[in-house]
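See below for the structure under consideration.
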Amino acid sequence: MLIFLMGFSCKEKKEKTTETKTVETKVADSVKTLEPEEFVDSEPRKEDTDYEVINKKDFAKWKGEYHLDYLDYAGENDGTKLKAKLVLDGPEDGHFYLWCEKPNDTTKLVMQHVYGSFGKMNNENTAVKFLPEIIIEGENTGINLDFFLYNKNNTFYIKSDMIPSEGGATKELPIQKIK
């Protein structure tokens, strides 16, 4: 009898099936407001208060002015450029400007000017995070106003939810340090 029960319980375990659930996806109407998807990143998520303030010596390599001239992938693909300017004067004194310009038009559209400070991302000082404090010009769109600035082999990169790449992803984009 014992052998019969053991054989039955082993057989029962073999016959179990895994149930899979089907998720239905729908195409969103472009007129409706959508909640932004949370970006899954390889970097651990930290609160703004978790970053160390950068001392002036470590900040010296970040100090300066940066420019980004990039195709506006979130727009109507009419050649509109997304432009960014960073003015980093000190670890507690940074300005992030972001605007759009249509081809053959110098009018700055959807201007954002955000003031903030910086947090150290790692001990090697190869990345910093802009910690926004005040929106000086523009509206709070609900998108994160922060950005990450990286230095890889003396080439600088910016990564921000405010600068979407092709396909809507947020990627590291080369940014030119001019001063």
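Residues are referred to by chain and number: the chain letter is A, B, ... according to the order shown in the structure tokens, the number counts from 1 in that chain, and ligands are numbered separately from 1 in the order shown.
Residues in contact with Pro91 (chain A) at up to 7 Å, not including ones fewer than 3 positions away on its chain and judged by only C-alpha atoms, are A:Ile54, A:Asn55, A:Lys56, A:Phe59, A:Ser117, A:Phe118.
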- Task: Quick one: everything within 9 Å of Ile175 (chain A), counting only C-alpha atoms, minus sequence neighbours fewer than 4 positions away in the same chain. Send it as a PyMOL selection string.
- Result: chain A and resi 66-69+84+149+155-158
- Note on the structure: Restricting to only C-alpha atoms, whichever of A:Met121, A:Ile178, A:Ile134, A:Met162 is closest to Glu52 (chain A) is A:Met121
- Selection: 12 Å around Glu92 (chain A), only C-alpha atoms, excl. self and same-chain fewer than 2 positions, as a VMD selection string: chain A and resid 52 to 56 59 63 87 to 90 94 to 95 115 to 120 129 to 133
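Across A:Tyr73, A:Asp93, A:Ala60, A:Thr126, the tightest approach to Thr170 (chain A) is made by A:Tyr73 when counting only C-alpha atoms.
If you count only C-alpha atoms and ignore residues fewer than 2 places along the chain from region 102-109 of chain A, what sits within 10 Å of it is Asp72, Asp78, Gly79, Thr80, Lys81, Leu82, Lys83, Leu98, Trp99, Cys100, Met111 and Gln112 of chain A.
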